[in-house]
file data.cif (mmCIF, C-alpha atoms)
data_entry
#
loop_
_atom_site.label_atom_id
_atom_site.label_comp_id
_atom_site.auth_asym_id
_atom_site.auth_seq_id
_atom_site.Cartn_x
_atom_site.Cartn_y
_atom_site.Cartn_z
CA MET G 612 219.86 -44.04 -197.71
CA ASN G 613 219.13 -47.33 -196.02
CA ALA G 614 216.99 -45.71 -193.37
CA VAL G 615 213.61 -45.68 -195.07
CA THR G 616 214.26 -47.46 -198.30
CA GLN G 617 211.68 -47.69 -200.96
CA GLN G 618 211.09 -51.10 -202.42
CA GLU G 619 211.02 -50.14 -206.04
CA GLU G 620 210.25 -53.57 -207.42
CA LYS G 621 207.22 -53.94 -205.17
CA SER G 622 205.51 -50.73 -206.15
CA ALA G 623 206.43 -50.98 -209.80
CA ARG G 624 204.75 -54.31 -210.52
CA PRO G 625 201.01 -54.70 -210.15
CA GLN G 626 200.20 -56.87 -207.17
CA PRO G 627 198.77 -60.22 -208.27
CA VAL G 628 196.35 -60.35 -205.33
CA GLU G 629 194.71 -57.07 -206.28
CA GLU G 630 193.82 -58.36 -209.77
CA GLU G 631 195.21 -55.92 -212.31
CA ARG G 632 194.73 -52.83 -210.21
CA GLN G 633 197.01 -50.04 -211.23
CA PHE G 634 198.63 -47.66 -208.80
CA VAL G 635 200.62 -44.50 -209.02
CA SER G 636 203.44 -43.74 -206.68
CA PRO G 637 202.90 -40.58 -204.60
CA ARG G 638 205.77 -38.11 -204.33
CA VAL G 639 207.28 -38.15 -200.86
CA ASN G 640 209.66 -36.23 -198.65
CA VAL G 641 211.49 -38.13 -195.94
CA ILE G 642 213.20 -36.35 -193.09
CA GLU G 643 215.11 -37.83 -190.17
CA SER G 644 215.53 -36.12 -186.85
CA LYS G 645 217.02 -37.54 -183.68
CA ASP G 646 213.57 -38.66 -182.45
CA GLY G 647 212.43 -40.34 -185.61
CA TYR G 648 211.42 -39.97 -189.22
CA VAL G 649 208.75 -37.84 -190.84
CA LEU G 650 207.34 -38.97 -194.19
CA GLU G 651 205.14 -36.59 -196.16
CA ALA G 652 203.30 -37.83 -199.26
CA ASP G 653 201.27 -35.86 -201.78
CA MET G 654 197.95 -37.64 -202.24
CA PRO G 655 195.48 -35.14 -203.66
CA GLY G 656 191.85 -36.24 -203.74
CA VAL G 657 192.28 -38.76 -200.95
CA ALA G 658 190.07 -38.36 -197.90
CA LYS G 659 190.72 -39.81 -194.47
CA ASN G 660 188.45 -42.80 -195.11
CA GLY G 661 190.19 -43.62 -198.40
CA LEU G 662 193.54 -43.94 -196.72
CA GLU G 663 195.16 -47.16 -195.60
CA VAL G 664 198.48 -47.42 -193.83
CA SER G 665 199.69 -50.91 -193.01
CA LEU G 666 202.80 -52.37 -191.50
CA GLU G 667 203.83 -55.98 -192.13
CA GLY G 668 207.11 -56.88 -190.53
CA ASN G 669 209.20 -53.87 -191.44
CA VAL G 670 207.36 -53.12 -194.69
CA LEU G 671 205.14 -50.08 -194.56
CA THR G 672 202.49 -49.70 -197.26
CA ILE G 673 200.48 -46.55 -197.89
CA THR G 674 197.41 -46.80 -200.10
CA GLY G 675 195.12 -43.89 -200.95
CA ARG G 676 191.85 -44.18 -202.80
CA ARG G 677 190.68 -41.14 -204.66
CA THR G 678 187.28 -39.76 -203.80
CA PRO G 679 185.10 -40.38 -206.88
CA VAL G 680 184.08 -37.31 -208.82
CA PRO G 681 180.33 -36.59 -208.91
CA VAL G 682 178.63 -37.55 -212.13
CA ALA G 683 179.71 -35.10 -214.80
CA CYS G 684 180.96 -35.46 -218.32
CA LEU G 685 184.75 -35.57 -218.50
CA LEU G 686 186.22 -33.26 -221.11
CA TYR G 687 189.89 -33.38 -220.32
CA ARG G 688 191.99 -35.19 -217.76
CA GLU G 689 195.58 -34.95 -216.65
CA SER G 690 195.34 -36.49 -213.21
CA PRO G 691 195.94 -40.23 -213.09
CA THR G 692 192.84 -42.38 -212.55
CA ALA G 693 194.79 -44.94 -210.55
CA ASP G 694 194.90 -44.90 -206.76
CA PHE G 695 198.07 -44.17 -204.86
CA ARG G 696 200.32 -46.86 -203.42
CA ARG G 697 203.89 -47.04 -202.28
CA THR G 698 205.86 -49.37 -200.04
CA PHE G 699 208.79 -48.53 -197.83
CA GLU G 700 211.18 -50.73 -195.92
CA LEU G 701 211.60 -49.30 -192.47
CA ASP G 702 214.78 -48.92 -190.55
CA PRO G 703 214.90 -51.41 -187.64
CA SER G 704 215.28 -48.47 -185.25
CA ILE G 705 211.66 -47.40 -185.86
CA ASP G 706 209.12 -48.34 -183.22
CA GLY G 707 206.36 -49.87 -185.35
CA GLY G 708 203.76 -49.57 -182.62
CA LYS G 709 204.11 -45.82 -182.36
CA ILE G 710 203.63 -44.81 -185.99
CA SER G 711 201.01 -42.13 -186.38
CA ALA G 712 199.35 -40.80 -189.53
CA ARG G 713 197.26 -37.80 -190.46
CA ILE G 714 196.02 -36.46 -193.77
CA GLU G 715 195.38 -32.80 -194.34
CA GLN G 716 194.45 -31.24 -197.68
CA GLY G 717 195.84 -34.17 -199.64
CA VAL G 718 199.11 -34.41 -197.77
CA LEU G 719 199.72 -37.52 -195.70
CA THR G 720 202.12 -37.04 -192.82
CA LEU G 721 203.50 -40.13 -191.14
CA THR G 722 205.46 -39.79 -187.94
CA LEU G 723 207.74 -42.74 -187.35
CA PRO G 724 209.38 -42.44 -183.93
CA LYS G 725 212.57 -44.29 -183.14
CA ALA G 726 212.53 -46.84 -180.36
CA GLU G 727 213.73 -45.48 -177.02
CA LYS G 728 216.73 -47.81 -176.90
CA VAL G 729 218.28 -46.50 -180.12
CA LYS G 730 217.93 -42.81 -179.31
CA PRO G 731 221.23 -41.16 -178.52
CA HIS G 732 221.81 -40.87 -174.79
CA ARG G 733 224.17 -38.66 -172.97
CA ILE G 734 225.96 -40.48 -170.21
CA THR G 735 227.00 -38.34 -167.33
CA VAL G 736 230.39 -39.04 -165.93
CA SER G 737 230.32 -39.23 -162.20
CA MET T 532 174.51 -15.38 -234.08
CA LYS T 533 177.90 -16.90 -234.48
CA LEU T 534 178.18 -20.36 -235.96
CA THR T 535 180.88 -22.46 -234.41
CA ARG T 536 181.93 -25.73 -235.84
CA TRP T 537 180.81 -28.67 -233.75
CA GLN T 538 183.68 -30.33 -232.03
CA LYS T 539 183.43 -33.82 -230.69
CA PRO T 540 184.23 -34.03 -226.98
CA GLU T 541 186.60 -36.94 -227.76
CA SER T 542 188.86 -34.61 -229.66
CA TRP T 543 189.90 -33.18 -226.30
CA ASN T 544 191.82 -36.37 -225.83
CA VAL T 545 194.19 -35.46 -228.61
CA SER T 546 194.46 -31.83 -227.62
CA PRO T 547 197.91 -30.26 -227.77
CA TRP T 548 197.94 -30.24 -223.96
CA ARG T 549 197.86 -33.98 -223.85
CA ARG T 550 200.76 -34.15 -226.23
CA VAL T 551 202.74 -31.61 -224.24
CA ASN T 552 201.96 -33.62 -221.15
CA SER T 553 203.15 -36.95 -222.44
CA PHE T 554 206.19 -35.19 -223.81
CA ARG T 555 206.82 -33.82 -220.33
CA ASP T 556 206.60 -37.33 -218.90
CA GLU T 557 209.16 -38.48 -221.45
CA VAL T 558 211.48 -35.66 -220.45
CA ASP T 559 210.90 -36.51 -216.79
CA ASN T 560 211.93 -40.07 -217.48
CA LEU T 561 215.04 -38.98 -219.33
CA PHE T 562 216.10 -36.77 -216.46
CA ASN T 563 215.32 -39.44 -213.94
CA LEU T 564 217.49 -41.87 -215.86
CA ALA T 565 220.33 -39.40 -216.16
CA PHE T 566 220.20 -37.77 -212.75
CA GLY T 567 218.49 -40.43 -210.68
CA ARG T 568 221.81 -41.90 -209.67
CA LEU T 569 223.31 -38.53 -208.88
CA ALA T 570 220.34 -37.59 -206.76
CA ASN T 571 220.62 -40.88 -204.89
CA LEU T 572 224.25 -40.27 -204.13
CA ASN T 573 223.44 -36.89 -202.63
CA PRO T 574 220.31 -37.47 -200.58
CA GLY T 575 218.25 -34.33 -200.21
CA ASN T 576 219.36 -32.91 -203.50
CA GLY T 577 216.06 -33.39 -205.29
CA GLN T 578 216.20 -29.66 -205.98
CA GLU T 579 217.97 -29.95 -209.31
CA ALA T 580 215.14 -32.04 -210.72
CA GLN T 581 212.67 -29.33 -209.70
CA LEU T 582 214.74 -26.65 -211.37
CA LEU T 583 214.70 -28.60 -214.60
CA GLU T 584 211.02 -29.49 -214.61
CA GLY T 585 208.96 -26.85 -212.86
CA TRP T 586 205.61 -27.59 -211.28
CA PHE T 587 202.59 -28.25 -213.51
CA PRO T 588 199.77 -29.39 -211.26
CA ALA T 589 197.39 -31.79 -213.01
CA VAL T 590 194.15 -30.18 -214.19
CA ASP T 591 190.90 -31.96 -215.09
CA VAL T 592 187.91 -30.36 -216.83
CA TYR T 593 184.37 -31.68 -216.37
CA GLU T 594 181.06 -30.47 -217.69
CA ASP T 595 177.49 -30.95 -216.56
CA LYS T 596 174.25 -29.41 -217.73
CA ASP T 597 174.79 -26.01 -216.12
CA ASN T 598 178.45 -25.80 -215.16
CA LEU T 599 182.01 -26.36 -216.18
CA LEU T 600 184.15 -27.82 -213.41
CA VAL T 601 187.89 -27.34 -213.37
CA LYS T 602 189.77 -29.46 -210.84
CA ALA T 603 193.43 -28.95 -210.03
CA GLU T 604 195.54 -31.20 -207.83
CA LEU T 605 197.19 -28.84 -205.37
CA PRO T 606 197.94 -30.76 -202.19
CA GLY T 607 199.07 -29.00 -199.06
CA LEU T 608 198.33 -25.41 -199.95
CA ARG T 609 196.68 -22.72 -197.95
CA LYS T 610 193.78 -20.69 -199.29
CA GLU T 611 195.93 -17.57 -199.50
CA ASP T 612 198.61 -19.33 -201.56
CA VAL T 613 196.34 -19.79 -204.59
CA GLU T 614 195.18 -17.15 -207.05
CA ILE T 615 192.39 -17.69 -209.53
CA GLY T 616 191.88 -15.35 -212.45
CA PHE T 617 189.44 -15.24 -215.32
CA GLN T 618 189.74 -13.23 -218.49
CA ASN T 619 188.46 -13.62 -222.03
CA GLY T 620 187.47 -17.25 -221.66
CA TYR T 621 190.74 -18.23 -220.01
CA LEU T 622 190.97 -19.42 -216.44
CA THR T 623 194.30 -18.88 -214.73
CA LEU T 624 195.44 -20.76 -211.65
CA SER T 625 198.64 -19.68 -210.02
CA GLY T 626 200.28 -19.74 -206.64
CA GLU T 627 203.10 -21.04 -204.61
CA ARG T 628 203.77 -23.92 -202.29
CA LYS T 629 206.14 -22.89 -199.58
CA GLN T 630 208.16 -25.23 -197.48
CA GLU T 631 205.73 -26.08 -194.71
CA GLN T 632 207.98 -26.29 -191.74
CA LYS T 633 211.63 -25.92 -191.08
CA HIS T 634 213.07 -29.09 -189.71
CA GLU T 635 215.84 -28.18 -187.37
CA ASP T 636 218.74 -30.62 -186.94
CA ALA T 637 217.09 -32.93 -189.43
CA GLU T 638 218.54 -34.86 -192.30
CA THR T 639 216.63 -35.02 -195.54
CA TYR T 640 216.47 -38.35 -197.35
CA ARG T 641 214.05 -37.58 -200.14
CA THR T 642 212.63 -34.36 -201.57
CA GLU T 643 210.27 -35.39 -204.33
CA ARG T 644 207.33 -33.14 -203.54
CA TRP T 645 207.01 -29.96 -205.52
CA GLN T 646 207.87 -26.65 -204.02
CA GLY T 647 207.68 -23.19 -205.46
CA ARG T 648 205.49 -21.43 -207.98
CA PHE T 649 203.06 -22.83 -210.48
CA HIS T 650 200.99 -21.25 -213.21
CA ARG T 651 198.35 -22.86 -215.41
CA THR T 652 196.06 -21.30 -217.98
CA ILE T 653 193.01 -23.22 -219.14
CA SER T 654 191.08 -22.32 -222.26
CA LEU T 655 187.40 -22.90 -221.54
CA PRO T 656 185.32 -24.70 -224.16
CA CYS T 657 182.24 -22.47 -223.80
CA ARG T 658 181.13 -19.09 -222.52
CA VAL T 659 180.67 -18.81 -218.78
CA ASP T 660 179.06 -16.36 -216.41
CA ALA T 661 182.15 -14.64 -215.02
CA ASP T 662 180.33 -13.11 -212.03
CA LYS T 663 179.20 -16.46 -210.68
CA ILE T 664 182.49 -18.37 -210.68
CA LYS T 665 183.06 -20.15 -207.38
CA ALA T 666 185.98 -22.11 -205.99
CA THR T 667 186.33 -24.66 -203.21
CA TYR T 668 189.35 -26.48 -201.83
CA THR T 669 189.04 -29.92 -200.26
CA GLU T 670 191.39 -32.88 -199.88
CA GLY T 671 194.11 -30.95 -201.68
CA VAL T 672 191.98 -30.52 -204.80
CA LEU T 673 190.89 -27.09 -205.96
CA THR T 674 187.51 -27.14 -207.72
CA VAL T 675 186.44 -24.12 -209.72
CA THR T 676 182.76 -24.11 -210.72
CA LEU T 677 182.00 -21.93 -213.72
CA PRO T 678 178.28 -21.59 -214.52
CA LYS T 679 177.68 -21.69 -218.26
CA ALA T 680 176.35 -18.55 -219.88
CA GLU T 681 172.69 -18.81 -220.92
CA GLU T 682 173.61 -18.93 -224.60
CA ALA T 683 176.05 -21.78 -224.04
CA LYS T 684 173.54 -24.08 -222.36
CA ALA T 685 172.01 -26.91 -224.33
CA LYS T 686 168.46 -26.18 -225.38
CA GLN T 687 165.68 -28.43 -226.52
CA ILE T 688 163.84 -27.11 -229.53
CA PRO T 689 160.24 -28.23 -229.78
CA ILE T 690 158.93 -29.31 -233.16
CA THR T 691 155.58 -28.05 -234.23
CA VAL T 692 153.68 -30.37 -236.51
CA SER T 693 151.20 -28.69 -238.74
#
call {"tool": "encode", "arguments": {"input": "data.cif", "output": "structure tokens"}}
result
Amino acid sequence: MNAVTQQEEKSARPQPVEEERQFVSPRVNVIESKDGYVLEADMPGVAKNGLEVSLEGNVLTITGRRTPVPVACLLYRESPTADFRRTFELDPSIDGGKISARIEQGVLTLTLPKAEKVKPHRITVS
Amino acid sequence: MKLTRWQKPESWNVSPWRRVNSFRDEVDNLFNLAFGRLANLNPGNGQEAQLLEGWFPAVDVYEDKDNLLVKAELPGLRKEDVEIGFQNGYLTLSGERKQEQKHEDAETYRTERWQGRFHRTISLPCRVDADKIKATYTEGVLTVTLPKAEEAKAKQIPITVS
């Protein structure tokens, strides 16, 4: 579980810098293969330009801003008004420079490849 | 002509749905408290939570002069996975999210995203023109546009002074 660990305390408390902004945590799936990790996050209503993925040290932050709804009178709402944010602590084996992200129909897919040196190698006996 | 009692739009906020919803959140929290630890011990076993809760995608209802807009958060679906029905003033959204790809030789750490079937029925607050209902799907949000029936549109009544 220590591979891509979520920093609960970071996402739970509002960030003081972002003055009182509220965030909701997107639901994610995390899968590890021998080449790296794949993180999928549900972020409905977030377009490509509303998405921010940042890496500071080994802390990865994903932020998604919802596309505002055109002017109409709201009758009933279940979806949260807050934007999405979640932080993850990355495994040291991940090559930070090679992380790639794409968003398709409200699903963010992050590919986090492992650094070459940590990938399992087969050593041929001569 | 039928006379319907005027209902303030604010009263939607205290609709039974809302109560059911916050109740669901409470139940979610309870289960998370009880099973959170278990799920953490067995990574990849988020399935039991899904069995207990089911998938209720969030639905918003908007209104403008001519249309009702129903928005549902359905990320990562394909067009053919969603079904929209309309009958007797009720809009039905149903469908299924299938597991997108099989990850061979992969280990799962977290499975929080919903999978499986969903079904929502929305009671519409006014009459709509059933033949002109349209639906679009962008950024994982399904938007159903329901043009109001002529008799449901707001009308200005001129006053004649004699």
call {"tool": "resolve_selection", "arguments": {"input": "data.cif", "expression": "the PyMOL selection byres ((chain G) within 12 of (chain T))", "output": "JSON, numbers by chain"}}
result
{"G": [612, 613, 614, 615, 616, 617, 636, 637, 638, 639, 640, 641, 642, 643, 644, 645, 646, 647, 648, 649, 650, 651, 652, 653, 654, 655, 656, 657, 658, 659, 660, 661, 662, 675, 676, 677, 678, 680, 681, 682, 683, 684, 685, 686, 687, 688, 689, 690, 691, 692, 714, 715, 716, 717, 718, 719, 720]}
call {"tool": "resolve_selection", "arguments": {"input": "data.cif", "expression": "the PyMOL selection byres ((chain T and resi 615-623) around 8)", "output": "list of chain:residue names"}}
result
T:Val613, T:Glu614, T:Leu624, T:Ser625, T:His650, T:Arg651, T:Thr652, T:Ile653, T:Ser654, T:Leu655, T:Cys657, T:Arg658, T:Val659, T:Ala661
call {"tool": "atom_distance", "arguments": {"input": "data.cif", "atom1": "CA of Asn669 in chain G", "atom2": "CA of Ile705 in chain G"}}
result
8.9 Å
call {"tool": "atom_distance", "arguments": {"input": "data.cif", "atom1": "CA of Gln633 in chain G", "atom2": "CA of Val670 in chain G"}}
result
19.8 Å
call {"tool": "atom_distance", "arguments": {"input": "data.cif", "atom1": "CA of Phe699 in chain G", "atom2": "CA of Ile673 in chain G"}}
result
8.5 Å
call {"tool": "closest_residue", "arguments": {"input": "data.cif", "among": "T:Lys629, T:Lys686, T:Lys679, T:Lys610", "to": "Ala666 in chain T", "atoms": "all atoms listed in the file"}}
result
T:Lys610
call {"tool": "closest_residue", "arguments": {"input": "data.cif", "among": "G:Ala693, G:Val664, G:Val736, G:Ile710", "to": "Thr722 in chain G", "atoms": "only C-alpha atoms"}}
result
G:Ile710
call {"tool": "resolve_selection", "arguments": {"input": "data.cif", "expression": "the PyMOL selection byres ((chain T and resi 627) around 7)", "output": "PyMOL selection string"}}
result
chain T and resi 612-613+626+628-629+647-649
